[in-house]
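Worksheet for the structure shown next.
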Amino acid sequence: MSGITPDISNYASKDTMIHQEELTFGKWCRNIWDAVSTCFKGLMITGRYIVAVKPVTIEYPEVREELPTNSRSRLFNDVDNCISCLQCAAACPVDCIYITAVRRDKEAPKLKTDDGTPIKLDLRQYTIDTALCCYCGLCTTVCPTQCLTHTTDYEYAQYTLSEMKYDYLAEDIRAWKHRIVK
Ligand code: SF4
Ligand code: SF4
């Protein structure tokens with residue numbers, strides 16, 4: 001190790017100068033005034049927000065935000081009006097719609113959707129893996145009977161990805177029609 005010792009006398013003298021700055025009575029009063037006035041300014045801003053500014057948060061879940069009707073949130077397929085045309089699955093960019101359908105028995109009673117479209121196929125599976133869905137809305141746009149819709153429901157967090165795969169023929173999911181479809 002070299003024997004050169006840095007000269008710190010300049011630094012030491014500057015520090016000493018800072019600490020030696022004299023606190024006059026006038027400066028002491030100014031410090032007090034600065035402390036009181038800046039506290040007061042802060043409290044004025046707080047007070048203005050308390051009395052004059054509308055809250056920007058809501059007390060969820062007691063209070064719930066209503067989304068606009070054209071929101072693209074949880075998907076719902078009213079399977080009784082689905083004609084199994086596969087157009088939604090063909091339009092889906094991430095291939096997360098799984099449909100199985102078979103031709104209806106010729107002897108079976110004729111069925112129609114609410115808009116009068118004949119139902120020629122029996123839907124056996126209609127599943128959407130909403131964990132893969134990017135909520136682009138293409139599937140709902142092409143649906144000829146408009147049975148597939150985006151709802152405004154946004155409360156469907158799950159603990160596992162598999163729970164986000166919905167079988168729309170299941171009774172509990174059919175029941176969403178009365179709960180989340182407006
Ligand atoms: S909204 Fe979802 S399911 Fe529909 S086409 Fe887009 S990615 Fe596919
Ligand atoms: S586009 Fe509509 S009618 Fe056709 S399979 Fe999809 S949901 Fe059913």
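Within each chain, counting starts at residue 1; across the structure tokens, chains are named A, B, ... in the order shown, with ligands numbered 1 upward in that order.
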_as number ranges by chain, please: every residue in segment 8-163 of chain A that a backbone DSSP assignment puts in alpha helix (DSSP H)._
A: 9-19, 25-51, 87-91, 138-142
Export, as a PDB file, in the first residue's frame, the selected residues with C-alpha atoms.
ATOM      1  CA  SER A   9      -8.249  19.605   5.163  1.00  0.00           C
ATOM      2  CA  ASN A  10     -10.359  21.463   2.507  1.00  0.00           C
ATOM      3  CA  TYR A  11     -13.366  19.180   3.044  1.00  0.00           C
ATOM      4  CA  ALA A  12     -13.045  19.403   6.786  1.00  0.00           C
ATOM      5  CA  SER A  13     -12.948  23.167   6.684  1.00  0.00           C
ATOM      6  CA  LYS A  14     -16.105  23.313   4.438  1.00  0.00           C
ATOM      7  CA  ASP A  15     -18.017  21.049   6.853  1.00  0.00           C
ATOM      8  CA  THR A  16     -16.904  23.156   9.706  1.00  0.00           C
ATOM      9  CA  MET A  17     -18.145  26.280   7.892  1.00  0.00           C
ATOM     10  CA  ILE A  18     -21.630  24.760   7.391  1.00  0.00           C
ATOM     11  CA  HIS A  19     -21.943  23.808  11.037  1.00  0.00           C
ATOM     12  CA  PHE A  25     -33.162  35.304  15.936  1.00  0.00           C
ATOM     13  CA  GLY A  26     -34.521  36.397  12.536  1.00  0.00           C
ATOM     14  CA  LYS A  27     -33.519  33.090  10.913  1.00  0.00           C
ATOM     15  CA  TRP A  28     -35.040  31.140  13.806  1.00  0.00           C
ATOM     16  CA  CYS A  29     -38.347  33.007  13.333  1.00  0.00           C
ATOM     17  CA  ARG A  30     -38.205  32.352   9.567  1.00  0.00           C
ATOM     18  CA  ASN A  31     -37.714  28.604  10.181  1.00  0.00           C
ATOM     19  CA  ILE A  32     -40.740  28.539  12.485  1.00  0.00           C
ATOM     20  CA  TRP A  33     -42.807  30.421   9.939  1.00  0.00           C
ATOM     21  CA  ASP A  34     -41.730  28.060   7.109  1.00  0.00           C
ATOM     22  CA  ALA A  35     -42.674  24.999   9.180  1.00  0.00           C
ATOM     23  CA  VAL A  36     -46.100  26.366  10.170  1.00  0.00           C
ATOM     24  CA  SER A  37     -46.965  27.751   6.721  1.00  0.00           C
ATOM     25  CA  THR A  38     -46.000  24.566   4.787  1.00  0.00           C
ATOM     26  CA  CYS A  39     -48.057  22.439   7.243  1.00  0.00           C
ATOM     27  CA  PHE A  40     -50.977  24.782   6.713  1.00  0.00           C
ATOM     28  CA  LYS A  41     -50.629  24.583   2.898  1.00  0.00           C
ATOM     29  CA  GLY A  42     -50.664  20.766   3.087  1.00  0.00           C
ATOM     30  CA  LEU A  43     -53.734  20.774   5.333  1.00  0.00           C
ATOM     31  CA  MET A  44     -55.489  23.209   2.946  1.00  0.00           C
ATOM     32  CA  ILE A  45     -55.038  20.715   0.093  1.00  0.00           C
ATOM     33  CA  THR A  46     -56.307  17.859   2.293  1.00  0.00           C
ATOM     34  CA  GLY A  47     -59.297  19.964   3.377  1.00  0.00           C
ATOM     35  CA  ARG A  48     -60.124  20.857  -0.239  1.00  0.00           C
ATOM     36  CA  TYR A  49     -60.210  17.149  -1.151  1.00  0.00           C
ATOM     37  CA  ILE A  50     -62.411  16.362   1.880  1.00  0.00           C
ATOM     38  CA  VAL A  51     -65.083  18.968   1.128  1.00  0.00           C
ATOM     39  CA  GLN A  87     -68.711 -19.352 -37.249  1.00  0.00           C
ATOM     40  CA  CYS A  88     -67.653 -18.153 -33.798  1.00  0.00           C
ATOM     41  CA  ALA A  89     -65.015 -20.887 -33.520  1.00  0.00           C
ATOM     42  CA  ALA A  90     -63.733 -20.113 -37.028  1.00  0.00           C
ATOM     43  CA  ALA A  91     -63.436 -16.395 -36.223  1.00  0.00           C
ATOM     44  CA  LEU A 138     -64.984 -11.363 -33.140  1.00  0.00           C
ATOM     45  CA  CYS A 139     -67.046 -14.405 -32.129  1.00  0.00           C
ATOM     46  CA  THR A 140     -70.005 -12.304 -31.022  1.00  0.00           C
ATOM     47  CA  THR A 141     -69.798 -10.165 -34.160  1.00  0.00           C
ATOM     48  CA  VAL A 142     -70.185 -13.113 -36.547  1.00  0.00           C
TER      49      VAL A 142
END
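Identified as lying at most 7 Å from ligand 1 when counting only C-alpha atoms and all ligand atoms are the residues Cys88, Ala91, Cys92, Pro93, Val94, Asp95, Cys96, Ile97, Ile128, Thr130, Leu132, Cys133, Cys134, Tyr135, Cys136, Gly137, Leu138, Cys139 and Thr140 of chain A.
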Once you count only C-alpha atoms and all ligand atoms, which residues end up within 7 Å of ligand 2, and could you hand them over as a compact mmCIF listing (two decimals) with C-alpha atoms, in the first residue's frame?
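selection-v6.txt, written as the output of this step:
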# COMPACT_ATOMS: atom_id res chain seq x y z
CA ASN A 77 -73.84 -18.30 -25.04
CA ASN A 81 -80.57 -20.16 -29.68
CA CYS A 82 -77.29 -21.57 -31.00
CA ILE A 83 -77.47 -23.27 -34.43
CA SER A 84 -73.98 -24.84 -34.15
CA CYS A 85 -72.80 -23.05 -37.29
CA LEU A 86 -69.19 -22.91 -35.99
CA GLN A 87 -68.71 -19.35 -37.25
CA CYS A 88 -67.65 -18.15 -33.80
CA ALA A 89 -65.02 -20.89 -33.52
CA CYS A 139 -67.05 -14.41 -32.13
CA VAL A 142 -70.18 -13.11 -36.55
CA CYS A 143 -72.84 -15.02 -34.58
CA PRO A 144 -75.88 -15.09 -36.91
CA THR A 145 -78.47 -15.56 -34.15
CA GLN A 146 -76.73 -13.26 -31.67
CA CYS A 147 -76.94 -15.91 -28.98
CA LEU A 148 -73.27 -15.39 -28.14
_Atomic distance atom CA of Val102 of chain A - atom CA of Lys120 of chain A, expressed in Å with one decimal_ = 8.8 Å
_Near-Arg64 of chain A list (12 Å; only C-alpha atoms; drop same-chain fewer than 4 positions) as a count of residues only_ = 8
*Members of segment 79-154 of chain A assigned strand (DSSP E) by DSSP, as an MDAnalysis selection string*: chainID A and resid 97:103 121:129 148:150
